[in-house]
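> Can you read through this structure? Questions will come right after.
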Amino acid sequence: MAIANYIKKSLVSSSMIRKMFEEGTRLKKKFGSDNVFDFSLGNPDIEPPPAFHRVFLKLAQEDTKGSHGYMPNAGYPYVREALARKVSAEHGVSIDGSYVVMSVGAAGGLNSVFKAILNPGDEVIVPTPYFMEYCSYVSNYSGTLVEVPTLPDFNLDVGAIREALSSKTAAVIINSPNNPTGRIYPQSIIAELSVALTEYGEKSGRFPYLIADEPYREIAYKPVPPILSDYGESIVVSSYSKSLSLPGERIGYIAVGPKIRDKDDVINALIYATRVLGYVNAPALMQRIVAELTYARVDVTVYARRRDIFKQVLDTAGIEYAEPEGAFYLFCKAPDGDDIAFIEKLKQNLILGVPGASFAKPGWVRFAYCVDEKTIRSSTEAFKKTMEAFTLRKAR
């Protein structure tokens, strides 16, 4: 039996991030780990904070009956209440646990959201560049992703988003701090977007949802403006993959704003989607852990220091980049605007990054600096050697 045509097509164009990560594994075996500079995958290398291990051991040793059984599909009520308090503080609103659904990471949360809100043919607007898995998440539910360019500084172009709104628009998805640029959208632009969506809704009768994908909210070097307090039809999806360095544990949440229309229908749809997509519920042990560690996070100053070291390396090599305000990525201009050629030349010098085409932004390259400082510092000569090759080519 043949596999589905859609899956066959998707496999051909599957994630370049993973491909580069796998290439890194091959090169490390051949040349040794210390000689390969792998900046391909956004996999946090900082260990979870000490409090995580203490709480994990405490809860793992409990033998309360039913502690590993099913709970309501939306999650433990007391966990949802704890997350509601956290979200309320971050977004300047007042919500209780009935506005929160626990999810299997942010990816599971986004799939539950799209399953709940999309009809066949609906569109989701996304500013470029963006995390390309959104394409699959939306198409999973017969939706279409509509790309809208950002401004030259990678801030939202609200005018372009306004022009892209149509009767098919079900939602706009934003990611701040952004992967791959590290841009944090300022409050003034969020407010402008809110006005645009509200005006469109009042005119058309269909208010698009504003979906904020926020796994990097707490990996930020400046304040991240709230979303839920600005626009009524807003939904936040987040996880503890980055803030607690728990990507493999797949624990996240969905929170809807206090002014959302038909709140009970929306929440019930999210719960139903979580169940029928096969997640059933977020992991029980991880729910209980994050309820006790609601405000804990890794030491963000470590990422800030790495960012500054990496900037020095890139400055020395003469590589231009967008100034990251959050997350742990540097988005850099490719010489001659050819990101694929730049990636290949980097690979010759045992440096691994991801081409901007993988984020719908050709001509740029993303480097993840969630790696040890030694790797970043040691890459200096390899970056210089790469850029010298481009300089010599231009001189010919």
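All residue names refer to the structure tokens as shown: chains lettered A, B, ... in order, residues numbered from 1 in each chain, ligands numbered from 1 in order.
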When DSSP is applied to the backbone of this structure, which of region 229-392 of chain A are assigned strand (DSSP E)? Write them out as a list in words.
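Matching residues for strand (DSSP E) in region 229-392 of chain A are Ser234, Ile235, Val236, Val237, Ser238, Ser239, Gly252, Tyr253, Ile254, Ala255, Val256, Tyr321, Ala322, Tyr329, Leu330, Phe331, Cys332, Lys333, Ile351, Leu352, Val354, Pro355, Trp364, Val365, Arg366, Phe367 and Ala368 of chain A.
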> Env of Ile376 (chain A): 10 Å cut, atoms = only C-alpha atoms, seq-sep filter 5 positions within chain, self excluded. Answer as a PDB file with N, CA and C atoms, in the first residue's frame.

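Contents of the output file selection-v8.pdb:
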```pdb
ATOM      1  N   PHE A  37      30.441  23.111  14.689  1.00  0.00           N
ATOM      2  CA  PHE A  37      29.726  24.211  15.338  1.00  0.00           C
ATOM      3  C   PHE A  37      28.266  24.160  14.899  1.00  0.00           C
ATOM      4  N   ASP A  38      27.484  23.455  15.697  1.00  0.00           N
ATOM      5  CA  ASP A  38      26.104  23.148  15.321  1.00  0.00           C
ATOM      6  C   ASP A  38      25.147  24.154  15.959  1.00  0.00           C
ATOM      7  N   PHE A  39      24.652  25.077  15.129  1.00  0.00           N
ATOM      8  CA  PHE A  39      23.690  26.089  15.576  1.00  0.00           C
ATOM      9  C   PHE A  39      22.339  25.886  14.885  1.00  0.00           C
ATOM     10  N   ARG A 306      25.275  34.663  25.951  1.00  0.00           N
ATOM     11  CA  ARG A 306      25.614  33.945  24.719  1.00  0.00           C
ATOM     12  C   ARG A 306      25.281  34.792  23.489  1.00  0.00           C
ATOM     13  N   ARG A 307      24.156  35.459  23.545  1.00  0.00           N
ATOM     14  CA  ARG A 307      23.796  36.346  22.430  1.00  0.00           C
ATOM     15  C   ARG A 307      24.888  37.371  22.186  1.00  0.00           C
ATOM     16  N   ILE A 309      28.061  37.272  23.055  1.00  0.00           N
ATOM     17  CA  ILE A 309      29.282  36.641  22.556  1.00  0.00           C
ATOM     18  C   ILE A 309      29.147  36.319  21.072  1.00  0.00           C
ATOM     19  N   PHE A 310      27.993  35.788  20.691  1.00  0.00           N
ATOM     20  CA  PHE A 310      27.764  35.421  19.285  1.00  0.00           C
ATOM     21  C   PHE A 310      27.768  36.669  18.405  1.00  0.00           C
ATOM     22  N   LYS A 311      27.200  37.757  18.892  1.00  0.00           N
ATOM     23  CA  LYS A 311      27.218  39.000  18.131  1.00  0.00           C
ATOM     24  C   LYS A 311      28.660  39.444  17.859  1.00  0.00           C
ATOM     25  N   GLN A 312      29.534  39.295  18.852  1.00  0.00           N
ATOM     26  CA  GLN A 312      30.937  39.657  18.665  1.00  0.00           C
ATOM     27  C   GLN A 312      31.585  38.784  17.589  1.00  0.00           C
ATOM     28  N   VAL A 313      31.254  37.497  17.611  1.00  0.00           N
ATOM     29  CA  VAL A 313      31.788  36.574  16.598  1.00  0.00           C
ATOM     30  C   VAL A 313      31.338  37.007  15.207  1.00  0.00           C
ATOM     31  N   TYR A 369      21.615  29.898  19.387  1.00  0.00           N
ATOM     32  CA  TYR A 369      22.714  29.974  20.351  1.00  0.00           C
ATOM     33  C   TYR A 369      22.360  29.352  21.696  1.00  0.00           C
ATOM     34  N   CYS A 370      21.515  28.317  21.659  1.00  0.00           N
ATOM     35  CA  CYS A 370      21.272  27.535  22.881  1.00  0.00           C
ATOM     36  C   CYS A 370      22.298  26.396  22.920  1.00  0.00           C
ATOM     37  N   VAL A 371      23.557  26.810  22.859  1.00  0.00           N
ATOM     38  CA  VAL A 371      24.701  25.894  22.923  1.00  0.00           C
ATOM     39  C   VAL A 371      25.715  26.499  23.894  1.00  0.00           C
TER      40      VAL A 371
END
```
> One number please: CA of Gly252 (chain A) to CA of Ala282 (chain A), in Å, one decimal.
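According to the coordinates, CA of Gly252 (chain A) and CA of Ala282 (chain A) are separated by 7.7 Å.
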> Counting only C-alpha atoms, which residue out of A:Pro44, A:Leu110, A:Leu193, A:Pro226 sits closest to Ser136 (chain A)?
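For Ser136 (chain A), the nearest of the candidates is A:Leu110.
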> Would you list the contacts of Tyr76 (chain A) as an NGL selection string, taking every protein, DNA or RNA residue within 12 Å and counting only C-alpha atoms, but skipping same-chain residues closer than 4 positions in sequence?
:A and (67-72 or 80-83 or 97-98 or 100-103 or 253 or 281-291)
> Can you pull out every residue within 12 Å of Val87 (chain A), counting only C-alpha atoms, but drop anything in the same chain fewer than 3 positions away, and send it as a PyMOL selection string?
chain A and resi 80-84+90-97+99-100+214+217+226-229+235-239+253-258+294-295
> Now that the selection is made, can you save its residues with N, CA and C atoms as a compact mmCIF listing (two decimals), in the first residue's frame?

```txt
# COMPACT_ATOMS: atom_id res chain seq x y z
N ARG A 80 -5.20 24.26 36.18
CA ARG A 80 -5.76 25.30 35.32
C ARG A 80 -5.89 26.62 36.07
N GLU A 81 -6.27 26.54 37.35
CA GLU A 81 -6.36 27.77 38.16
C GLU A 81 -4.99 28.41 38.33
N ALA A 82 -3.98 27.59 38.57
CA ALA A 82 -2.62 28.12 38.74
C ALA A 82 -2.14 28.80 37.46
N LEU A 83 -2.40 28.18 36.32
CA LEU A 83 -2.00 28.79 35.05
C LEU A 83 -2.80 30.04 34.74
N ALA A 84 -4.06 30.06 35.16
CA ALA A 84 -4.89 31.25 34.94
C ALA A 84 -4.32 32.45 35.70
N GLU A 90 0.55 38.09 33.40
CA GLU A 90 1.33 38.41 32.20
C GLU A 90 0.57 39.29 31.22
N HIS A 91 -0.75 39.11 31.16
CA HIS A 91 -1.53 39.77 30.11
C HIS A 91 -2.46 40.86 30.63
N GLY A 92 -2.36 41.18 31.92
CA GLY A 92 -3.14 42.28 32.46
C GLY A 92 -4.64 42.05 32.40
N VAL A 93 -5.06 40.80 32.62
CA VAL A 93 -6.48 40.47 32.61
C VAL A 93 -6.81 39.71 33.89
N SER A 94 -8.07 39.35 34.04
CA SER A 94 -8.49 38.54 35.17
C SER A 94 -9.30 37.36 34.65
N ILE A 95 -8.66 36.20 34.60
CA ILE A 95 -9.35 35.00 34.17
C ILE A 95 -9.19 33.92 35.22
N ASP A 96 -10.09 32.96 35.23
CA ASP A 96 -9.96 31.81 36.12
C ASP A 96 -9.65 30.57 35.30
N GLY A 97 -9.61 29.43 35.96
CA GLY A 97 -9.19 28.20 35.31
C GLY A 97 -10.09 27.75 34.18
N TYR A 99 -10.88 29.32 31.71
CA TYR A 99 -10.39 29.92 30.46
C TYR A 99 -9.12 29.22 29.96
N VAL A 100 -8.69 28.18 30.65
CA VAL A 100 -7.41 27.53 30.35
C VAL A 100 -7.64 26.05 30.04
N GLU A 214 3.42 31.67 22.13
CA GLU A 214 4.33 32.34 23.07
C GLU A 214 5.29 31.43 23.84
N ARG A 217 8.05 33.59 25.52
CA ARG A 217 7.70 34.80 26.28
C ARG A 217 8.67 35.07 27.42
N PRO A 226 1.44 42.44 26.55
CA PRO A 226 0.32 41.49 26.64
C PRO A 226 -0.50 41.46 25.36
N ILE A 227 -1.26 40.40 25.19
CA ILE A 227 -2.13 40.22 24.04
C ILE A 227 -3.60 40.19 24.47
N LEU A 228 -3.89 39.40 25.49
CA LEU A 228 -5.28 39.15 25.87
C LEU A 228 -6.03 40.41 26.29
N SER A 229 -5.31 41.39 26.80
CA SER A 229 -5.97 42.63 27.25
C SER A 229 -6.25 43.58 26.11
N ILE A 235 -6.31 34.39 21.70
CA ILE A 235 -5.99 33.09 22.29
C ILE A 235 -4.47 33.00 22.42
N VAL A 236 -4.00 32.64 23.59
CA VAL A 236 -2.57 32.46 23.83
C VAL A 236 -2.27 30.97 23.94
N VAL A 237 -1.22 30.55 23.25
CA VAL A 237 -0.74 29.17 23.34
C VAL A 237 0.72 29.24 23.78
N SER A 238 1.07 28.46 24.79
CA SER A 238 2.45 28.51 25.28
C SER A 238 2.85 27.16 25.82
N SER A 239 4.09 27.07 26.29
CA SER A 239 4.59 25.81 26.86
C SER A 239 5.73 26.12 27.83
N TYR A 253 -0.07 24.93 27.44
CA TYR A 253 -1.43 25.33 27.78
C TYR A 253 -1.98 26.29 26.72
N ILE A 254 -3.30 26.37 26.70
CA ILE A 254 -4.04 27.33 25.88
C ILE A 254 -4.84 28.20 26.83
N ALA A 255 -4.84 29.51 26.60
CA ALA A 255 -5.65 30.42 27.41
C ALA A 255 -6.39 31.38 26.49
N VAL A 256 -7.67 31.56 26.74
CA VAL A 256 -8.46 32.50 25.94
C VAL A 256 -8.72 33.75 26.75
N GLY A 257 -8.91 34.86 26.05
CA GLY A 257 -9.13 36.14 26.70
C GLY A 257 -10.49 36.26 27.37
N PRO A 258 -10.61 37.13 28.36
CA PRO A 258 -11.86 37.25 29.12
C PRO A 258 -13.02 37.80 28.32
N THR A 294 4.95 27.54 38.67
CA THR A 294 4.30 28.46 37.74
C THR A 294 5.19 29.63 37.36
N TYR A 295 5.94 30.17 38.32
CA TYR A 295 6.73 31.37 38.05
C TYR A 295 8.22 31.08 37.97
```
> Skipping near chain neighbours, those fewer than 2 positions away, what residues fall within 10 Å of Ser142 (chain A) using only C-alpha atoms, listed as a list in words?
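Contacts, with the query itself left out: Phe114, Lys115, Leu118, Asn119, Pro120, Gly121, Asp122, Glu123, Ser136, Tyr137, Val138, Ser139, Asn140 and Thr144 of chain A.
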> Just to be explicit: take each residue in the selection above, keep N, CA and C atoms, and write the result as a PDB file, in the first residue's frame.

```
ATOM      1  N   PHE A 114      -6.454  25.050  15.999  1.00  0.00           N
ATOM      2  CA  PHE A 114      -6.839  25.021  14.585  1.00  0.00           C
ATOM      3  C   PHE A 114      -7.934  23.989  14.322  1.00  0.00           C
ATOM      4  N   LYS A 115      -7.870  22.861  15.004  1.00  0.00           N
ATOM      5  CA  LYS A 115      -8.935  21.866  14.876  1.00  0.00           C
ATOM      6  C   LYS A 115     -10.265  22.461  15.325  1.00  0.00           C
ATOM      7  N   LEU A 118     -11.139  25.971  12.586  1.00  0.00           N
ATOM      8  CA  LEU A 118     -11.053  26.028  11.122  1.00  0.00           C
ATOM      9  C   LEU A 118     -12.114  25.179  10.430  1.00  0.00           C
ATOM     10  N   ASN A 119     -12.736  25.783   9.430  1.00  0.00           N
ATOM     11  CA  ASN A 119     -13.555  25.058   8.466  1.00  0.00           C
ATOM     12  C   ASN A 119     -12.750  24.894   7.186  1.00  0.00           C
ATOM     13  N   PRO A 120     -13.068  23.892   6.356  1.00  0.00           N
ATOM     14  CA  PRO A 120     -12.344  23.739   5.093  1.00  0.00           C
ATOM     15  C   PRO A 120     -12.356  25.029   4.273  1.00  0.00           C
ATOM     16  N   GLY A 121     -11.162  25.442   3.817  1.00  0.00           N
ATOM     17  CA  GLY A 121     -11.059  26.660   3.022  1.00  0.00           C
ATOM     18  C   GLY A 121     -10.775  27.911   3.827  1.00  0.00           C
ATOM     19  N   ASP A 122     -10.841  27.823   5.159  1.00  0.00           N
ATOM     20  CA  ASP A 122     -10.519  28.985   5.989  1.00  0.00           C
ATOM     21  C   ASP A 122      -9.038  29.323   5.868  1.00  0.00           C
ATOM     22  N   GLU A 123      -8.727  30.590   6.141  1.00  0.00           N
ATOM     23  CA  GLU A 123      -7.353  31.069   6.036  1.00  0.00           C
ATOM     24  C   GLU A 123      -6.831  31.556   7.382  1.00  0.00           C
ATOM     25  N   SER A 136       1.928  22.963   8.276  1.00  0.00           N
ATOM     26  CA  SER A 136       1.320  21.650   8.500  1.00  0.00           C
ATOM     27  C   SER A 136       0.180  21.731   9.501  1.00  0.00           C
ATOM     28  N   TYR A 137       0.381  22.515  10.557  1.00  0.00           N
ATOM     29  CA  TYR A 137      -0.668  22.612  11.578  1.00  0.00           C
ATOM     30  C   TYR A 137      -1.978  23.101  10.971  1.00  0.00           C
ATOM     31  N   VAL A 138      -1.896  24.094  10.075  1.00  0.00           N
ATOM     32  CA  VAL A 138      -3.104  24.663   9.465  1.00  0.00           C
ATOM     33  C   VAL A 138      -3.681  23.708   8.418  1.00  0.00           C
ATOM     34  N   SER A 139      -2.814  23.151   7.581  1.00  0.00           N
ATOM     35  CA  SER A 139      -3.314  22.263   6.530  1.00  0.00           C
ATOM     36  C   SER A 139      -3.874  20.963   7.099  1.00  0.00           C
ATOM     37  N   ASN A 140      -3.460  20.597   8.303  1.00  0.00           N
ATOM     38  CA  ASN A 140      -4.030  19.415   8.951  1.00  0.00           C
ATOM     39  C   ASN A 140      -5.552  19.475   9.013  1.00  0.00           C
ATOM     40  N   THR A 144      -5.746  27.146   5.002  1.00  0.00           N
ATOM     41  CA  THR A 144      -4.671  27.679   4.160  1.00  0.00           C
ATOM     42  C   THR A 144      -3.931  28.766   4.918  1.00  0.00           C
TER      43      THR A 144
END
```
> So, with only C-alpha atoms as the atoms that count, which of A:Leu210, A:Ala382, A:Val354, A:Ala107 lies closest to Glu23 (chain A)?
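So, comparing all the options, the nearest one is A:Val354.
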> Near Glu163 (chain A), counting only C-alpha atoms, which residues have an atom at most 12 Å away, once you skip same-chain residues fewer than 5 positions from it, shown as a PDB file with N, CA and C atoms, in the first residue's frame?

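Written out: out_9.pdb:
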```pdb
ATOM      1  N   ILE A 125      -3.714  34.025   8.607  1.00  0.00           N
ATOM      2  CA  ILE A 125      -2.673  34.971   8.192  1.00  0.00           C
ATOM      3  C   ILE A 125      -1.464  34.835   9.113  1.00  0.00           C
ATOM      4  N   VAL A 146      -1.796  32.076   4.894  1.00  0.00           N
ATOM      5  CA  VAL A 146      -1.597  33.233   4.026  1.00  0.00           C
ATOM      6  C   VAL A 146      -0.418  34.036   4.570  1.00  0.00           C
ATOM      7  N   GLU A 147       0.674  34.083   3.808  1.00  0.00           N
ATOM      8  CA  GLU A 147       1.881  34.780   4.252  1.00  0.00           C
ATOM      9  C   GLU A 147       1.787  36.276   3.969  1.00  0.00           C
ATOM     10  N   VAL A 148       2.164  37.069   4.965  1.00  0.00           N
ATOM     11  CA  VAL A 148       2.201  38.528   4.823  1.00  0.00           C
ATOM     12  C   VAL A 148       3.581  39.002   5.267  1.00  0.00           C
ATOM     13  N   PRO A 149       4.308  39.745   4.433  1.00  0.00           N
ATOM     14  CA  PRO A 149       5.653  40.200   4.811  1.00  0.00           C
ATOM     15  C   PRO A 149       5.617  41.140   6.018  1.00  0.00           C
ATOM     16  N   ASP A 157       3.694  44.403   9.864  1.00  0.00           N
ATOM     17  CA  ASP A 157       3.170  45.390   8.926  1.00  0.00           C
ATOM     18  C   ASP A 157       1.644  45.290   9.015  1.00  0.00           C
ATOM     19  N   VAL A 158       1.067  46.070   9.909  1.00  0.00           N
ATOM     20  CA  VAL A 158      -0.370  45.974  10.160  1.00  0.00           C
ATOM     21  C   VAL A 158      -1.163  46.330   8.904  1.00  0.00           C
ATOM     22  N   THR A 169     -10.826  34.666   6.353  1.00  0.00           N
ATOM     23  CA  THR A 169      -9.854  34.773   7.441  1.00  0.00           C
ATOM     24  C   THR A 169     -10.449  34.294   8.753  1.00  0.00           C
ATOM     25  N   LEU A 193      -2.773  46.438  15.574  1.00  0.00           N
ATOM     26  CA  LEU A 193      -3.330  45.211  15.010  1.00  0.00           C
ATOM     27  C   LEU A 193      -4.711  44.935  15.594  1.00  0.00           C
ATOM     28  N   ALA A 196      -7.216  47.056  13.847  1.00  0.00           N
ATOM     29  CA  ALA A 196      -7.475  46.566  12.492  1.00  0.00           C
ATOM     30  C   ALA A 196      -8.411  45.365  12.504  1.00  0.00           C
ATOM     31  N   LEU A 197      -8.184  44.437  13.426  1.00  0.00           N
ATOM     32  CA  LEU A 197      -9.021  43.241  13.498  1.00  0.00           C
ATOM     33  C   LEU A 197     -10.434  43.579  13.988  1.00  0.00           C
ATOM     34  N   TYR A 200     -12.296  45.326  11.171  1.00  0.00           N
ATOM     35  CA  TYR A 200     -12.687  44.357  10.150  1.00  0.00           C
ATOM     36  C   TYR A 200     -13.882  43.528  10.633  1.00  0.00           C
TER      37      TYR A 200
END
```
> Which residues, written as a list of chain:residue names, have at least one atom at most 12 Å from Glu233 (chain A), with only C-alpha atoms counted and residues fewer than 6 positions away on the same chain left out?
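Returned residues: A:Ile117, A:Ala170, A:Ala171, A:Val172, A:Ser194, A:Val195, A:Leu197, A:Thr198, A:Gly201, A:Arg206, A:Phe207, A:Pro208, A:Tyr209, A:Leu210, A:Ile211, A:Ala212, A:Ile227, A:Ala255, A:Val256, A:Gly257, A:Pro258, A:Lys259, A:Ile260, A:Arg261, A:Asp262, A:Lys263, A:Val266.
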> Give me a file of those residues, with C-alpha atoms, as a PDB file, in the first residue's frame.

```pdb
ATOM      1  CA  ILE A 117     -11.765  26.957  14.771  1.00  0.00           C
ATOM      2  CA  ALA A 170     -10.357  32.686  10.571  1.00  0.00           C
ATOM      3  CA  ALA A 171      -7.276  33.884  12.449  1.00  0.00           C
ATOM      4  CA  VAL A 172      -4.006  35.777  12.498  1.00  0.00           C
ATOM      5  CA  SER A 194      -6.159  44.965  17.536  1.00  0.00           C
ATOM      6  CA  VAL A 195      -7.829  48.020  15.997  1.00  0.00           C
ATOM      7  CA  LEU A 197      -9.021  43.241  13.498  1.00  0.00           C
ATOM      8  CA  THR A 198     -11.819  44.928  15.448  1.00  0.00           C
ATOM      9  CA  GLY A 201     -14.927  42.315  12.438  1.00  0.00           C
ATOM     10  CA  ARG A 206     -16.544  37.910  11.375  1.00  0.00           C
ATOM     11  CA  PHE A 207     -13.954  38.717  14.004  1.00  0.00           C
ATOM     12  CA  PRO A 208     -10.723  36.814  13.260  1.00  0.00           C
ATOM     13  CA  TYR A 209      -9.025  35.211  16.221  1.00  0.00           C
ATOM     14  CA  LEU A 210      -5.628  36.565  17.186  1.00  0.00           C
ATOM     15  CA  ILE A 211      -3.498  33.567  18.148  1.00  0.00           C
ATOM     16  CA  ALA A 212      -0.311  34.339  20.073  1.00  0.00           C
ATOM     17  CA  ILE A 227      -2.131  40.223  24.035  1.00  0.00           C
ATOM     18  CA  ALA A 255      -5.650  30.424  27.414  1.00  0.00           C
ATOM     19  CA  VAL A 256      -8.460  32.495  25.941  1.00  0.00           C
ATOM     20  CA  GLY A 257      -9.126  36.143  26.701  1.00  0.00           C
ATOM     21  CA  PRO A 258     -11.860  37.249  29.124  1.00  0.00           C
ATOM     22  CA  LYS A 259     -13.817  39.080  26.401  1.00  0.00           C
ATOM     23  CA  ILE A 260     -13.844  36.253  23.870  1.00  0.00           C
ATOM     24  CA  ARG A 261     -17.247  35.671  22.275  1.00  0.00           C
ATOM     25  CA  ASP A 262     -19.003  32.350  22.919  1.00  0.00           C
ATOM     26  CA  LYS A 263     -16.391  31.467  25.509  1.00  0.00           C
ATOM     27  CA  VAL A 266     -14.639  27.887  22.320  1.00  0.00           C
TER      28      VAL A 266
END
```
